[in-house]
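Participant: Mind looking over this structure? Questions follow.
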There are 2 protein chains.
Amino acid sequence: MHDRDELISELGEIFRENGFAGTSLSEITARTGLGKGSLYHFFPNGKSEMAEAVLHNIDAWFQENVFIPLRESDDALDGIDDMFAAVNAYFDSGNRICLVGAFALDNTRDQFLQEVSTYFSDWISALANALKRSGFAAAVAKSMAEEIVLGIQGALVLARSQEDPKIFTRTLKRLQQRIAATDHA
Amino acid sequence: MHDRDELISELGEIFRENGFAGTSLSEITARTGLGKGSLYHFFPNGKSEMAEAVLHNIDAWFQENVFIPLRESDDALDGIDDMFAAVNAYFDSGNRICLVGAFALDNTRDQFLQEVSTYFSDWISALANALKRSGFAAAVAKSMAEEIVLGIQGALVLARSQEDPKIFTRTLKRLQQRIAATDHA
DNA sequence: CGTATACTGTACCGATCGGTACATTTTTTT
DNA sequence: AAAAAAATGTACCGATCGGTACAGTATACG
C-alpha cells in the first residue's frame, strides 16, 4: 500500500463488497496487507474511523468532481454533462455500488448520519442549482434534481440485482436525455 | 409469536434494520422471544434459512398483491393503480426499506442470487406487461417499467438517507403521474 | 552519528459469533 | 390416559470478533 489515499480507497472497496457490519478486521488485514498494529496506528478508533475516512474521501471526490463543477461551471448545462460523465466513471459504468446509499439502508446509517445525509443533500442542491441556472424554475429544478439522484441510486441497486451494469448506463442516458427534452421555461 | 408467518415477518424487520451480516442470533432470540432451541427447530439451517424464508414470504406477497393483479386485472391501468397503492402500503409510505434491494447491494446478494434476481425481473416484467396492455409499445413499456421499479428503489434509499419518507411518497406520485401524461401510442 | 518518531508484528484479551446436543416440557394424536 | 410429536431452555462448542499492549524495527531528522 503506497500511501494513505490508496489505503483508504482499498478500504472503500472492502466496505462496498461486504457492507460495514460484514467487514471484519481480518479481511481488512488480508486485503490491505497491513497488520492490526499498522491499522490501529493509522485509525486509533478502529473500523468506524476507517469508514469515516472512506466517507470523507468520497465526499471530497464528489465535491471536487461533481458538486463544484455543478455550481461553478460557466455554462450550467456543461456542468451537468460533466456530472453525468463523472458519475458514470465513478460507478464504473454500473459495476460499482454507491457505498453511501448502501450505508443509508440499514442501521449503519445512524452511525454515519451526518455524512450520509449531507452527501445526498449536497448533491441534490448542487444539481438543482445548475438546473436553475440553465433556465428551469426553482421548484422544477429541485424536483428534477431529486429525481435524477434517486434514479442513479435505484439504477445501481437494479443493475447489481440483475448483474447487468447496462441498466445503469442506459438509465444515465435516459436521465440526461430528459433534461434536454424538458421545457427550459 | 403466534404463528410461523408472524415469526417470519418479525425476522424480516430484523434483517431490514441490521442487514443480513449485521443480524446476530442473539438479537433474533431477544426480538422474537424464541430461544435457539426453537429457532433451530424451525430453521435447521440457521440464519440463512431464516433469510430464505423471509425472501420467500416477500415474493409470495408481491406475487399475490402486485404481480398477479398487474398481469390479470381486467383493466390494465387499474392494475397499475393497485400496484402503486400496494407498494405504498408495503413500504409504509417510505418508512420501510426494500430488503431485497438492500441484499442486492453487498455480497449478501450472492448467497440469495436467485431470489434477488427474480424479485426484480418479475416485477419489471409484470409491470411492462400491464403497460403494454394499456397501449404502450412493447419497448416503451419495458423501459417505463424499469424506470418505475428503479425509481421506487432509489426513492427508498434517498428517503432513508434524509430521514424523510415524503421523498418516497412524492416519487410514487410523480411516477404514477408520468404514466398518465405519456402518450398511449 | 544519535535520537526521536513513525510504523509494524505478535501475542493476547474478553466478548460474542453461529451452531450443536440433548434433556425437558408442552401439545397433539390415538 | 398413554404414546408420539412438536417445541423449548440450557449448557456448551470452537472460531472469530474488535480491540489492546508492547516490544521491535524502520525511517526521518538533528
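Each chain in the C-alpha cells gets a letter, A, B, ..., in the order shown, and its residues are numbered from 1; ligands are numbered from 1 in order too.
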Contacts between chain A and chain C, please, where a residue of chain C counts if it comes within 8 Å (with only C-alpha atoms (C1' of nucleotides)); show its shortest atom pair and distance in Å to one decimal, rows by chain and ascending number, as JSON lines.
Facilitator:
```
{"residue": "C:DC7", "atom": "C1'", "partner": "A:Ser38", "partner_atom": "CA", "distance": 6.5}
{"residue": "C:DT8", "atom": "C1'", "partner": "A:Ser38", "partner_atom": "CA", "distance": 5.7}
{"residue": "C:DG9", "atom": "C1'", "partner": "A:Gly35", "partner_atom": "CA", "distance": 7.0}
```
Participant: Take the residues that were just selected and, keeping all heavy atoms, output them as a CSV table (one decimal), in the first residue's frame.
Facilitator:
```
chain,number,residue,atom,x,y,z
C,7,DC,P,3.7,7.0,9.7
C,7,DC,OP1,3.6,7.2,8.2
C,7,DC,OP2,2.5,7.4,10.6
C,7,DC,O5',3.9,5.4,9.9
C,7,DC,C5',4.9,4.8,9.2
C,7,DC,C4',5.2,3.4,9.8
C,7,DC,O4',5.5,3.5,11.2
C,7,DC,C3',4.2,2.4,9.7
C,7,DC,O3',4.5,1.5,8.7
C,7,DC,C2',4.1,1.7,11.1
C,7,DC,C1',5.4,2.2,11.7
C,7,DC,N1,5.5,2.3,13.2
C,7,DC,C2,6.2,1.3,13.9
C,7,DC,O2,6.8,0.4,13.2
C,7,DC,N3,6.3,1.3,15.2
C,7,DC,C4,5.7,2.3,15.9
C,7,DC,N4,5.8,2.3,17.3
C,7,DC,C5,5.0,3.3,15.2
C,7,DC,C6,4.9,3.3,13.9
C,8,DT,P,3.5,0.4,8.1
C,8,DT,OP1,3.9,0.0,6.8
C,8,DT,OP2,2.2,0.8,8.4
C,8,DT,O5',3.9,-0.9,9.1
C,8,DT,C5',5.2,-1.4,9.1
C,8,DT,C4',5.4,-2.4,10.1
C,8,DT,O4',5.3,-1.9,11.4
C,8,DT,C3',4.3,-3.5,10.1
C,8,DT,O3',4.9,-4.7,9.8
C,8,DT,C2',3.6,-3.4,11.4
C,8,DT,C1',4.8,-2.8,12.3
C,8,DT,N1,4.3,-2.1,13.5
C,8,DT,C2,4.8,-2.6,14.7
C,8,DT,O2,5.5,-3.5,14.8
C,8,DT,N3,4.4,-1.8,15.8
C,8,DT,C4,3.5,-0.7,15.8
C,8,DT,O4,3.2,-0.1,16.8
C,8,DT,C5,3.1,-0.3,14.5
C,8,DT,C7,2.2,0.9,14.3
C,8,DT,C6,3.5,-1.0,13.4
C,9,DG,P,4.1,-6.0,9.3
C,9,DG,OP1,4.7,-6.4,8.0
C,9,DG,OP2,2.7,-5.7,9.3
C,9,DG,O5',4.4,-7.1,10.4
C,9,DG,C5',5.7,-7.1,11.0
C,9,DG,C4',5.7,-8.1,12.2
C,9,DG,O4',5.4,-7.4,13.4
C,9,DG,C3',4.7,-9.2,12.0
C,9,DG,O3',5.4,-10.4,12.4
C,9,DG,C2',3.6,-8.8,13.0
C,9,DG,C1',4.3,-7.9,14.0
C,9,DG,N9,3.5,-6.8,14.5
C,9,DG,C8,2.7,-5.9,13.7
C,9,DG,N7,2.2,-4.9,14.4
C,9,DG,C5,2.6,-5.1,15.7
C,9,DG,C6,2.4,-4.4,16.9
C,9,DG,O6,1.7,-3.4,17.0
C,9,DG,N1,3.0,-5.0,18.0
C,9,DG,C2,3.8,-6.1,18.0
C,9,DG,N2,4.3,-6.4,19.1
C,9,DG,N3,4.1,-6.8,16.9
C,9,DG,C4,3.4,-6.3,15.8
```
Participant: Quick check for you: according to DSSP on this backbone, which residues of region 68-152 of chain A are classed as alpha helix (DSSP H)? Reply as an NGL selection string.
Facilitator: :A and (68-72 or 76-90 or 99-105 or 108-111 or 113-133 or 138-152)
Participant: So which residues touch Gly135 (chain A) within 12 Å, counting only C-alpha atoms (C1' of nucleotides), skipping near sequence neighbours fewer than 4 positions away, as number ranges by chain?
Facilitator: A: 75-77, 128-131, 139-141, 179-180, 182-185
Participant: Between CA of Gln176 (chain B) and CA of Glu13 (chain B), what is the distance in Å, rounded to a tenth?
Facilitator: 27.5 Å
Participant: If the cut-off is 6 Å, can you tell me the residues of chain A near chain B, counting only C-alpha atoms? I'd like them as a short mmCIF file (atom, residue, chain, number, x, y, z; two decimals) with N, CA, C and O atoms, in the first residue's frame.
Facilitator:
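What ended up in result02.cif:
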```cif
data_model
loop_
_atom_site.label_atom_id
_atom_site.label_comp_id
_atom_site.auth_asym_id
_atom_site.auth_seq_id
_atom_site.Cartn_x
_atom_site.Cartn_y
_atom_site.Cartn_z
N GLU A 17 -18.04 -4.21 -0.82
CA GLU A 17 -18.34 -5.63 -1.05
C GLU A 17 -19.07 -6.28 0.10
O GLU A 17 -19.96 -7.11 -0.10
N ASN A 18 -18.66 -5.93 1.32
CA ASN A 18 -19.16 -6.66 2.49
C ASN A 18 -20.13 -5.89 3.35
O ASN A 18 -20.69 -6.45 4.30
N GLY A 19 -20.31 -4.61 3.06
CA GLY A 19 -21.07 -3.78 3.98
C GLY A 19 -20.22 -3.45 5.20
O GLY A 19 -19.15 -4.02 5.38
N ALA A 21 -21.07 -3.79 8.59
CA ALA A 21 -21.14 -4.87 9.59
C ALA A 21 -20.46 -6.14 9.09
O ALA A 21 -19.89 -6.89 9.87
N GLY A 22 -20.52 -6.37 7.79
CA GLY A 22 -19.99 -7.60 7.23
C GLY A 22 -18.49 -7.59 6.99
O GLY A 22 -17.91 -8.59 6.58
N ALA A 104 -26.95 3.87 3.88
CA ALA A 104 -28.22 4.51 4.22
C ALA A 104 -29.31 3.50 4.55
O ALA A 104 -30.21 3.79 5.34
N ASP A 106 -29.46 0.36 6.05
CA ASP A 106 -29.63 -0.30 7.36
C ASP A 106 -29.17 0.61 8.49
O ASP A 106 -28.93 1.79 8.29
N ASN A 107 -29.05 0.06 9.68
CA ASN A 107 -28.74 0.90 10.83
C ASN A 107 -27.30 1.42 10.84
O ASN A 107 -26.93 2.19 11.72
N SER A 117 -26.29 11.89 5.20
CA SER A 117 -27.31 12.87 4.91
C SER A 117 -26.80 13.98 3.99
O SER A 117 -27.45 14.33 2.99
N LEU A 150 -31.96 10.15 -7.28
CA LEU A 150 -32.65 8.93 -6.85
C LEU A 150 -32.66 7.89 -7.97
O LEU A 150 -32.55 6.69 -7.72
N GLY A 151 -32.74 8.37 -9.19
CA GLY A 151 -32.69 7.44 -10.32
C GLY A 151 -31.33 6.75 -10.41
O GLY A 151 -31.25 5.56 -10.72
N GLN A 153 -29.32 6.14 -7.88
CA GLN A 153 -29.25 5.15 -6.80
C GLN A 153 -30.07 3.91 -7.13
O GLN A 153 -29.61 2.78 -6.93
N GLY A 154 -31.25 4.12 -7.63
CA GLY A 154 -32.09 2.97 -7.98
C GLY A 154 -31.46 2.14 -9.08
O GLY A 154 -31.53 0.90 -9.05
N ALA A 155 -30.84 2.80 -10.03
CA ALA A 155 -30.21 2.09 -11.14
C ALA A 155 -29.06 1.22 -10.63
O ALA A 155 -28.84 0.10 -11.12
N SER A 161 -28.66 -6.16 -8.86
CA SER A 161 -29.58 -7.27 -8.64
C SER A 161 -29.66 -8.17 -9.88
O SER A 161 -29.87 -9.37 -9.77
N GLN A 162 -29.49 -7.57 -11.04
CA GLN A 162 -29.59 -8.32 -12.29
C GLN A 162 -28.22 -8.67 -12.86
O GLN A 162 -28.14 -9.24 -13.94
#
```
Participant: Could you build a table of the residues in chain D lying no more than 8 Å from chain B, giving for each the nearest pair of atoms and their separation in Å rounded to one decimal place, using only C-alpha atoms (C1' of nucleotides), ordered by chain and ascending residue number, as a tab-separated table?
Facilitator:
```
residue	atom	partner	partner_atom	distance
D:DA7	C1'	B:Ser38	CA	6.3
D:DT8	C1'	B:Ser38	CA	5.7
D:DG9	C1'	B:Gly35	CA	7.0
```
Participant: From the options C:DG18, C:DT27, C:DT3, C:DC13, which residue's atoms come nearest to Ser24 (chain B), counting only C-alpha atoms (C1' of nucleotides)?
Facilitator: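 Counting only C-alpha atoms (C1' of nucleotides), the residue closest to Ser24 (chain B) is C:DG18.
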Participant: To one decimal place in Å, what is the distance between CA of Ile8 (chain B) and CA of Met83 (chain B)?
Facilitator: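 About the pair CA of Ile8 (chain B) and CA of Met83 (chain B): they are 23.3 Å apart.
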Participant: Rounded to one decimal in Å, what is the spacing between CA of Leu11 (chain A) and CA of Val54 (chain A)?
Facilitator: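 Computing it gives 6.9 Å between the two atoms.
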Participant: Find the spatial neighbours of DA4 (chain C), counting only C-alpha atoms (C1' of nucleotides), within a cut-off of 10 Å - ignore same-chain residues fewer than 4 positions away - and output them as a list in words.
Facilitator: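 Using only C-alpha atoms (C1' of nucleotides), the neighbours found are DA28, DC29 and DG30 of chain D.
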Participant: With all heavy atoms retained, export the selected residues as a PDB file, in the first residue's frame.
Facilitator:
```pdb
ATOM      1  P    DA D  28      12.056   8.125   5.275  1.00  0.00           P
ATOM      2  OP1  DA D  28      11.014   8.458   4.275  1.00  0.00           O
ATOM      3  OP2  DA D  28      13.422   7.788   4.841  1.00  0.00           O
ATOM      4  O5'  DA D  28      12.141   9.337   6.320  1.00  0.00           O
ATOM      5  C5'  DA D  28      11.013   9.596   7.168  1.00  0.00           C
ATOM      6  C4'  DA D  28      11.383  10.646   8.207  1.00  0.00           C
ATOM      7  O4'  DA D  28      12.235  10.036   9.219  1.00  0.00           O
ATOM      8  C3'  DA D  28      12.139  11.848   7.649  1.00  0.00           C
ATOM      9  O3'  DA D  28      11.585  13.024   8.230  1.00  0.00           O
ATOM     10  C2'  DA D  28      13.586  11.606   8.090  1.00  0.00           C
ATOM     11  C1'  DA D  28      13.404  10.822   9.391  1.00  0.00           C
ATOM     12  N9   DA D  28      14.488   9.887   9.704  1.00  0.00           N
ATOM     13  C8   DA D  28      15.058   8.972   8.861  1.00  0.00           C
ATOM     14  N7   DA D  28      16.004   8.240   9.418  1.00  0.00           N
ATOM     15  C5   DA D  28      16.061   8.719  10.719  1.00  0.00           C
ATOM     16  C6   DA D  28      16.860   8.357  11.827  1.00  0.00           C
ATOM     17  N6   DA D  28      17.800   7.398  11.780  1.00  0.00           N
ATOM     18  N1   DA D  28      16.664   9.037  12.985  1.00  0.00           N
ATOM     19  C2   DA D  28      15.719   9.988  13.014  1.00  0.00           C
ATOM     20  N3   DA D  28      14.902  10.413  12.042  1.00  0.00           N
ATOM     21  C4   DA D  28      15.127   9.725  10.915  1.00  0.00           C
ATOM     22  P    DC D  29      12.028  14.447   7.689  1.00  0.00           P
ATOM     23  OP1  DC D  29      10.781  15.180   7.427  1.00  0.00           O
ATOM     24  OP2  DC D  29      13.047  14.289   6.613  1.00  0.00           O
ATOM     25  O5'  DC D  29      12.737  15.088   8.956  1.00  0.00           O
ATOM     26  C5'  DC D  29      12.436  14.622  10.269  1.00  0.00           C
ATOM     27  C4'  DC D  29      13.569  14.977  11.230  1.00  0.00           C
ATOM     28  O4'  DC D  29      14.483  13.859  11.378  1.00  0.00           O
ATOM     29  C3'  DC D  29      14.441  16.173  10.771  1.00  0.00           C
ATOM     30  O3'  DC D  29      14.654  17.019  11.878  1.00  0.00           O
ATOM     31  C2'  DC D  29      15.734  15.497  10.320  1.00  0.00           C
ATOM     32  C1'  DC D  29      15.803  14.351  11.318  1.00  0.00           C
ATOM     33  N1   DC D  29      16.703  13.233  10.917  1.00  0.00           N
ATOM     34  C2   DC D  29      17.460  12.592  11.909  1.00  0.00           C
ATOM     35  O2   DC D  29      17.353  12.965  13.089  1.00  0.00           O
ATOM     36  N3   DC D  29      18.295  11.567  11.563  1.00  0.00           N
ATOM     37  C4   DC D  29      18.382  11.181  10.285  1.00  0.00           C
ATOM     38  N4   DC D  29      19.194  10.172  10.004  1.00  0.00           N
ATOM     39  C5   DC D  29      17.628  11.834   9.257  1.00  0.00           C
ATOM     40  C6   DC D  29      16.812  12.839   9.616  1.00  0.00           C
ATOM     41  P    DG D  30      15.026  18.521  11.666  1.00  0.00           P
ATOM     42  OP1  DG D  30      13.908  19.329  12.204  1.00  0.00           O
ATOM     43  OP2  DG D  30      15.443  18.659  10.239  1.00  0.00           O
ATOM     44  O5'  DG D  30      16.304  18.761  12.576  1.00  0.00           O
ATOM     45  C5'  DG D  30      16.171  18.811  14.009  1.00  0.00           C
ATOM     46  C4'  DG D  30      17.492  18.415  14.656  1.00  0.00           C
ATOM     47  O4'  DG D  30      17.789  17.040  14.323  1.00  0.00           O
ATOM     48  C3'  DG D  30      18.703  19.195  14.143  1.00  0.00           C
ATOM     49  O3'  DG D  30      18.919  20.359  14.983  1.00  0.00           O
ATOM     50  C2'  DG D  30      19.861  18.206  14.349  1.00  0.00           C
ATOM     51  C1'  DG D  30      19.184  16.851  14.217  1.00  0.00           C
ATOM     52  N9   DG D  30      19.427  16.168  12.926  1.00  0.00           N
ATOM     53  C8   DG D  30      18.854  16.466  11.715  1.00  0.00           C
ATOM     54  N7   DG D  30      19.258  15.676  10.747  1.00  0.00           N
ATOM     55  C5   DG D  30      20.147  14.815  11.366  1.00  0.00           C
ATOM     56  C6   DG D  30      20.902  13.743  10.838  1.00  0.00           C
ATOM     57  O6   DG D  30      20.923  13.315   9.677  1.00  0.00           O
ATOM     58  N1   DG D  30      21.693  13.140  11.811  1.00  0.00           N
ATOM     59  C2   DG D  30      21.740  13.514  13.122  1.00  0.00           C
ATOM     60  N2   DG D  30      22.554  12.805  13.899  1.00  0.00           N
ATOM     61  N3   DG D  30      21.036  14.499  13.632  1.00  0.00           N
ATOM     62  C4   DG D  30      20.264  15.118  12.704  1.00  0.00           C
TER      63       DG D  30
END
```
